[in-house]
Amino acid sequence: MVISIGAAAFWIALAAFLISGSYFHFRREKLRQETLLRLVEKTGQLDEQQIKAMFPPPPPMPAHVWGPPEYPDGRRILKVFGTVLLSIAAGLAAVGCVMLAIGATFREDIVQLSFVWSAFIACLGIGLFVAARFVRPPIGSRERETS
């Protein structure tokens with residue numbers, strides 16, 4: 001197995017970066033703990049303001065990319081996908097009409113298949129629009145409706 005010098009240099013640089021980052025993080029936490037210990041030894045008590053300044057609360061965790069949104073809006077999603085499917089169905093039907101207009105008699109099965117798929121996709125799009133009516137509205141819009 002042959003490893004090029006460039007690949008080895010990349011992995012060495014990556015390892016050095018990760019090790020130095022963890023070392024500096026560890027060192028910073030150690031210095032904070034030592035400072036806190038010296039404050040307690042010097043004054044004999046803990047001052048809440050100094051502790052909050054030294055140890056700020058961690059930032060909130062970011063929402064996961066694939067997680068559910070804060071206010072789920074299933075209606076909007078269903079309507080968007082229904083619109084996309086209806087647009088695809090209209091395009092497929094237009095292709096079938098163009099093929100009929102130019103006289104594609106040698107491949108009538110493709111034209112018929114185009115119309116069949118167009119009708120099927122349109123039914124799916126209409127079904128998504130109908131399903132959107134049964135989904136509960138998002139939290140924010142429910143509060144506006146009740147007040």
# chains A, B, ... in the order shown; residues from 1 in each chain; ligands from 1
>>> residues_around(residues="stretch 84-88 of chain A", least_positions_apart="3", cutoff="6 Å", atoms="only C-alpha atoms", output="MDAnalysis selection string")
chainID A and resid 81 91 122 125
>>> select_by_dssp(residues="stretch 66-126 of chain A", states="helix (DSSP H, G or I)", output="ChimeraX atom specification")
/A:74-101,105-126
>>> atom_distance(atom1="atom CA of A:Leu128", atom2="atom CA of A:Thr83")
8.8 Å
>>> residues_around(residues="A:Phe115", least_positions_apart="2", cutoff="8 Å", atoms="only C-alpha atoms", output="list in words")
Leu92, Ala93, Gly96, Val111, Gln112, Leu113, Trp117, Ser118 and Ala119 of chain A
>>> write_last_selection(atoms="N, CA and C atoms", output="PDB file, in the first residue's frame")
ATOM      1  N   LEU A  92     -46.652  16.881 -17.782  1.00  0.00           N
ATOM      2  CA  LEU A  92     -46.732  15.580 -18.443  1.00  0.00           C
ATOM      3  C   LEU A  92     -47.911  15.522 -19.405  1.00  0.00           C
ATOM      4  N   ALA A  93     -49.029  16.129 -19.024  1.00  0.00           N
ATOM      5  CA  ALA A  93     -50.174  16.180 -19.934  1.00  0.00           C
ATOM      6  C   ALA A  93     -49.859  17.048 -21.143  1.00  0.00           C
ATOM      7  N   GLY A  96     -47.894  15.044 -23.533  1.00  0.00           N
ATOM      8  CA  GLY A  96     -48.783  14.133 -24.266  1.00  0.00           C
ATOM      9  C   GLY A  96     -49.545  14.857 -25.360  1.00  0.00           C
ATOM     10  N   VAL A 111     -47.921   7.933 -25.632  1.00  0.00           N
ATOM     11  CA  VAL A 111     -48.845   9.048 -25.428  1.00  0.00           C
ATOM     12  C   VAL A 111     -49.910   8.666 -24.413  1.00  0.00           C
ATOM     13  N   GLN A 112     -50.464   7.476 -24.547  1.00  0.00           N
ATOM     14  CA  GLN A 112     -51.466   7.028 -23.586  1.00  0.00           C
ATOM     15  C   GLN A 112     -50.872   6.897 -22.187  1.00  0.00           C
ATOM     16  N   LEU A 113     -49.660   6.378 -22.102  1.00  0.00           N
ATOM     17  CA  LEU A 113     -48.990   6.249 -20.819  1.00  0.00           C
ATOM     18  C   LEU A 113     -48.739   7.615 -20.192  1.00  0.00           C
ATOM     19  N   TRP A 117     -50.186   8.544 -16.517  1.00  0.00           N
ATOM     20  CA  TRP A 117     -49.327   9.019 -15.426  1.00  0.00           C
ATOM     21  C   TRP A 117     -49.694  10.439 -15.016  1.00  0.00           C
ATOM     22  N   SER A 118     -50.071  11.247 -15.961  1.00  0.00           N
ATOM     23  CA  SER A 118     -50.482  12.613 -15.647  1.00  0.00           C
ATOM     24  C   SER A 118     -51.705  12.606 -14.738  1.00  0.00           C
ATOM     25  N   ALA A 119     -52.677  11.778 -15.039  1.00  0.00           N
ATOM     26  CA  ALA A 119     -53.882  11.692 -14.207  1.00  0.00           C
ATOM     27  C   ALA A 119     -53.543  11.145 -12.814  1.00  0.00           C
TER      28      ALA A 119
END
>>> closest_residue(among="A:Leu78, A:Ala9, A:Leu39, A:Met54", to="A:Val130", atoms="only C-alpha atoms")
A:Leu78
>>> closest_residue(among="A:Ile19, A:Ala131, A:Ala8, A:Leu31", to="A:Gly82", atoms="only C-alpha atoms")
A:Ala131
>>> decode(residues="stretch 10-45 of chain A", atoms="N, CA, C and O atoms", output="PDB file, in the first residue's frame")
ATOM      1  N   PHE A  10      -1.295  15.723   5.052  1.00  0.00           N
ATOM      2  CA  PHE A  10      -2.656  16.145   5.378  1.00  0.00           C
ATOM      3  C   PHE A  10      -3.121  15.526   6.690  1.00  0.00           C
ATOM      4  O   PHE A  10      -3.640  16.211   7.572  1.00  0.00           O
ATOM      5  N   TRP A  11      -2.953  14.217   6.840  1.00  0.00           N
ATOM      6  CA  TRP A  11      -3.415  13.547   8.049  1.00  0.00           C
ATOM      7  C   TRP A  11      -2.616  13.981   9.277  1.00  0.00           C
ATOM      8  O   TRP A  11      -3.167  14.094  10.378  1.00  0.00           O
ATOM      9  N   ILE A  12      -1.333  14.226   9.103  1.00  0.00           N
ATOM     10  CA  ILE A  12      -0.523  14.711  10.227  1.00  0.00           C
ATOM     11  C   ILE A  12      -0.978  16.106  10.636  1.00  0.00           C
ATOM     12  O   ILE A  12      -1.110  16.410  11.829  1.00  0.00           O
ATOM     13  N   ALA A  13      -1.249  16.979   9.658  1.00  0.00           N
ATOM     14  CA  ALA A  13      -1.710  18.331   9.973  1.00  0.00           C
ATOM     15  C   ALA A  13      -3.078  18.289  10.645  1.00  0.00           C
ATOM     16  O   ALA A  13      -3.333  19.034  11.602  1.00  0.00           O
ATOM     17  N   LEU A  14      -3.955  17.428  10.175  1.00  0.00           N
ATOM     18  CA  LEU A  14      -5.273  17.291  10.792  1.00  0.00           C
ATOM     19  C   LEU A  14      -5.163  16.800  12.232  1.00  0.00           C
ATOM     20  O   LEU A  14      -5.819  17.330  13.131  1.00  0.00           O
ATOM     21  N   ALA A  15      -4.319  15.814  12.463  1.00  0.00           N
ATOM     22  CA  ALA A  15      -4.121  15.300  13.819  1.00  0.00           C
ATOM     23  C   ALA A  15      -3.532  16.383  14.715  1.00  0.00           C
ATOM     24  O   ALA A  15      -3.949  16.546  15.867  1.00  0.00           O
ATOM     25  N   ALA A  16      -2.565  17.153  14.209  1.00  0.00           N
ATOM     26  CA  ALA A  16      -1.966  18.224  15.006  1.00  0.00           C
ATOM     27  C   ALA A  16      -3.001  19.280  15.360  1.00  0.00           C
ATOM     28  O   ALA A  16      -3.032  19.786  16.494  1.00  0.00           O
ATOM     29  N   PHE A  17      -3.861  19.606  14.411  1.00  0.00           N
ATOM     30  CA  PHE A  17      -4.909  20.602  14.660  1.00  0.00           C
ATOM     31  C   PHE A  17      -5.875  20.122  15.734  1.00  0.00           C
ATOM     32  O   PHE A  17      -6.226  20.864  16.654  1.00  0.00           O
ATOM     33  N   LEU A  18      -6.323  18.879  15.632  1.00  0.00           N
ATOM     34  CA  LEU A  18      -7.267  18.343  16.614  1.00  0.00           C
ATOM     35  C   LEU A  18      -6.635  18.217  17.994  1.00  0.00           C
ATOM     36  O   LEU A  18      -7.262  18.547  19.010  1.00  0.00           O
ATOM     37  N   ILE A  19      -5.400  17.756  18.051  1.00  0.00           N
ATOM     38  CA  ILE A  19      -4.733  17.603  19.344  1.00  0.00           C
ATOM     39  C   ILE A  19      -4.491  18.957  19.985  1.00  0.00           C
ATOM     40  O   ILE A  19      -4.728  19.137  21.186  1.00  0.00           O
ATOM     41  N   SER A  20      -4.044  19.939  19.195  1.00  0.00           N
ATOM     42  CA  SER A  20      -3.795  21.263  19.780  1.00  0.00           C
ATOM     43  C   SER A  20      -5.101  21.911  20.242  1.00  0.00           C
ATOM     44  O   SER A  20      -5.136  22.570  21.281  1.00  0.00           O
ATOM     45  N   GLY A  21      -6.174  21.730  19.494  1.00  0.00           N
ATOM     46  CA  GLY A  21      -7.462  22.286  19.905  1.00  0.00           C
ATOM     47  C   GLY A  21      -7.935  21.692  21.217  1.00  0.00           C
ATOM     48  O   GLY A  21      -8.386  22.417  22.115  1.00  0.00           O
ATOM     49  N   SER A  22      -7.836  20.382  21.361  1.00  0.00           N
ATOM     50  CA  SER A  22      -8.264  19.764  22.620  1.00  0.00           C
ATOM     51  C   SER A  22      -7.331  20.137  23.764  1.00  0.00           C
ATOM     52  O   SER A  22      -7.772  20.307  24.901  1.00  0.00           O
ATOM     53  N   TYR A  23      -6.030  20.295  23.488  1.00  0.00           N
ATOM     54  CA  TYR A  23      -5.095  20.705  24.533  1.00  0.00           C
ATOM     55  C   TYR A  23      -5.440  22.104  25.029  1.00  0.00           C
ATOM     56  O   TYR A  23      -5.477  22.339  26.243  1.00  0.00           O
ATOM     57  N   PHE A  24      -5.679  23.053  24.128  1.00  0.00           N
ATOM     58  CA  PHE A  24      -5.983  24.412  24.555  1.00  0.00           C
ATOM     59  C   PHE A  24      -7.326  24.481  25.291  1.00  0.00           C
ATOM     60  O   PHE A  24      -7.480  25.253  26.235  1.00  0.00           O
ATOM     61  N   HIS A  25      -8.282  23.678  24.895  1.00  0.00           N
ATOM     62  CA  HIS A  25      -9.561  23.626  25.613  1.00  0.00           C
ATOM     63  C   HIS A  25      -9.346  23.094  27.031  1.00  0.00           C
ATOM     64  O   HIS A  25      -9.862  23.651  28.001  1.00  0.00           O
ATOM     65  N   PHE A  26      -8.575  22.022  27.143  1.00  0.00           N
ATOM     66  CA  PHE A  26      -8.273  21.450  28.451  1.00  0.00           C
ATOM     67  C   PHE A  26      -7.523  22.454  29.316  1.00  0.00           C
ATOM     68  O   PHE A  26      -7.822  22.613  30.501  1.00  0.00           O
ATOM     69  N   ARG A  27      -6.564  23.146  28.731  1.00  0.00           N
ATOM     70  CA  ARG A  27      -5.765  24.137  29.473  1.00  0.00           C
ATOM     71  C   ARG A  27      -6.642  25.302  29.949  1.00  0.00           C
ATOM     72  O   ARG A  27      -6.500  25.773  31.078  1.00  0.00           O
ATOM     73  N   ARG A  28      -7.546  25.782  29.117  1.00  0.00           N
ATOM     74  CA  ARG A  28      -8.424  26.883  29.496  1.00  0.00           C
ATOM     75  C   ARG A  28      -9.326  26.484  30.671  1.00  0.00           C
ATOM     76  O   ARG A  28      -9.499  27.249  31.626  1.00  0.00           O
ATOM     77  N   GLU A  29      -9.887  25.279  30.628  1.00  0.00           N
ATOM     78  CA  GLU A  29     -10.728  24.809  31.725  1.00  0.00           C
ATOM     79  C   GLU A  29      -9.909  24.646  33.006  1.00  0.00           C
ATOM     80  O   GLU A  29     -10.382  24.965  34.100  1.00  0.00           O
ATOM     81  N   LYS A  30      -8.689  24.168  32.889  1.00  0.00           N
ATOM     82  CA  LYS A  30      -7.829  24.003  34.055  1.00  0.00           C
ATOM     83  C   LYS A  30      -7.518  25.358  34.691  1.00  0.00           C
ATOM     84  O   LYS A  30      -7.552  25.503  35.919  1.00  0.00           O
ATOM     85  N   LEU A  31      -7.243  26.376  33.873  1.00  0.00           N
ATOM     86  CA  LEU A  31      -6.972  27.712  34.402  1.00  0.00           C
ATOM     87  C   LEU A  31      -8.210  28.293  35.087  1.00  0.00           C
ATOM     88  O   LEU A  31      -8.099  28.963  36.120  1.00  0.00           O
ATOM     89  N   ARG A  32      -9.378  28.055  34.548  1.00  0.00           N
ATOM     90  CA  ARG A  32     -10.602  28.530  35.195  1.00  0.00           C
ATOM     91  C   ARG A  32     -10.791  27.890  36.559  1.00  0.00           C
ATOM     92  O   ARG A  32     -11.140  28.555  37.535  1.00  0.00           O
ATOM     93  N   GLN A  33     -10.549  26.588  36.634  1.00  0.00           N
ATOM     94  CA  GLN A  33     -10.707  25.889  37.904  1.00  0.00           C
ATOM     95  C   GLN A  33      -9.684  26.386  38.923  1.00  0.00           C
ATOM     96  O   GLN A  33     -10.015  26.574  40.107  1.00  0.00           O
ATOM     97  N   GLU A  34      -8.445  26.620  38.490  1.00  0.00           N
ATOM     98  CA  GLU A  34      -7.423  27.131  39.399  1.00  0.00           C
ATOM     99  C   GLU A  34      -7.768  28.536  39.885  1.00  0.00           C
ATOM    100  O   GLU A  34      -7.575  28.855  41.067  1.00  0.00           O
ATOM    101  N   THR A  35      -8.296  29.364  39.011  1.00  0.00           N
ATOM    102  CA  THR A  35      -8.690  30.713  39.404  1.00  0.00           C
ATOM    103  C   THR A  35      -9.822  30.651  40.425  1.00  0.00           C
ATOM    104  O   THR A  35      -9.817  31.396  41.415  1.00  0.00           O
ATOM    105  N   LEU A  36     -10.783  29.789  40.203  1.00  0.00           N
ATOM    106  CA  LEU A  36     -11.885  29.623  41.149  1.00  0.00           C
ATOM    107  C   LEU A  36     -11.363  29.141  42.499  1.00  0.00           C
ATOM    108  O   LEU A  36     -11.784  29.649  43.554  1.00  0.00           O
ATOM    109  N   LEU A  37     -10.441  28.199  42.494  1.00  0.00           N
ATOM    110  CA  LEU A  37      -9.866  27.690  43.734  1.00  0.00           C
ATOM    111  C   LEU A  37      -9.119  28.799  44.484  1.00  0.00           C
ATOM    112  O   LEU A  37      -9.251  28.932  45.704  1.00  0.00           O
ATOM    113  N   ARG A  38      -8.367  29.614  43.775  1.00  0.00           N
ATOM    114  CA  ARG A  38      -7.638  30.722  44.410  1.00  0.00           C
ATOM    115  C   ARG A  38      -8.599  31.758  44.984  1.00  0.00           C
ATOM    116  O   ARG A  38      -8.343  32.333  46.037  1.00  0.00           O
ATOM    117  N   LEU A  39      -9.697  32.034  44.275  1.00  0.00           N
ATOM    118  CA  LEU A  39     -10.689  32.971  44.814  1.00  0.00           C
ATOM    119  C   LEU A  39     -11.285  32.462  46.122  1.00  0.00           C
ATOM    120  O   LEU A  39     -11.478  33.223  47.078  1.00  0.00           O
ATOM    121  N   VAL A  40     -11.597  31.173  46.177  1.00  0.00           N
ATOM    122  CA  VAL A  40     -12.169  30.592  47.387  1.00  0.00           C
ATOM    123  C   VAL A  40     -11.144  30.615  48.515  1.00  0.00           C
ATOM    124  O   VAL A  40     -11.465  30.935  49.663  1.00  0.00           O
ATOM    125  N   GLU A  41      -9.881  30.296  48.212  1.00  0.00           N
ATOM    126  CA  GLU A  41      -8.839  30.327  49.242  1.00  0.00           C
ATOM    127  C   GLU A  41      -8.602  31.743  49.744  1.00  0.00           C
ATOM    128  O   GLU A  41      -8.362  31.955  50.933  1.00  0.00           O
ATOM    129  N   LYS A  42      -8.676  32.721  48.864  1.00  0.00           N
ATOM    130  CA  LYS A  42      -8.378  34.107  49.220  1.00  0.00           C
ATOM    131  C   LYS A  42      -9.515  34.742  50.032  1.00  0.00           C
ATOM    132  O   LYS A  42      -9.279  35.385  51.053  1.00  0.00           O
ATOM    133  N   THR A  43     -10.747  34.590  49.560  1.00  0.00           N
ATOM    134  CA  THR A  43     -11.875  35.258  50.208  1.00  0.00           C
ATOM    135  C   THR A  43     -12.642  34.355  51.163  1.00  0.00           C
ATOM    136  O   THR A  43     -13.330  34.842  52.040  1.00  0.00           O
ATOM    137  N   GLY A  44     -12.583  33.068  50.965  1.00  0.00           N
ATOM    138  CA  GLY A  44     -13.304  32.149  51.830  1.00  0.00           C
ATOM    139  C   GLY A  44     -14.760  31.946  51.424  1.00  0.00           C
ATOM    140  O   GLY A  44     -15.477  31.187  52.054  1.00  0.00           O
ATOM    141  N   GLN A  45     -15.219  32.628  50.407  1.00  0.00           N
ATOM    142  CA  GLN A  45     -16.601  32.478  49.947  1.00  0.00           C
ATOM    143  C   GLN A  45     -16.655  32.635  48.427  1.00  0.00           C
ATOM    144  O   GLN A  45     -15.732  33.149  47.816  1.00  0.00           O
TER     145      GLN A  45
END
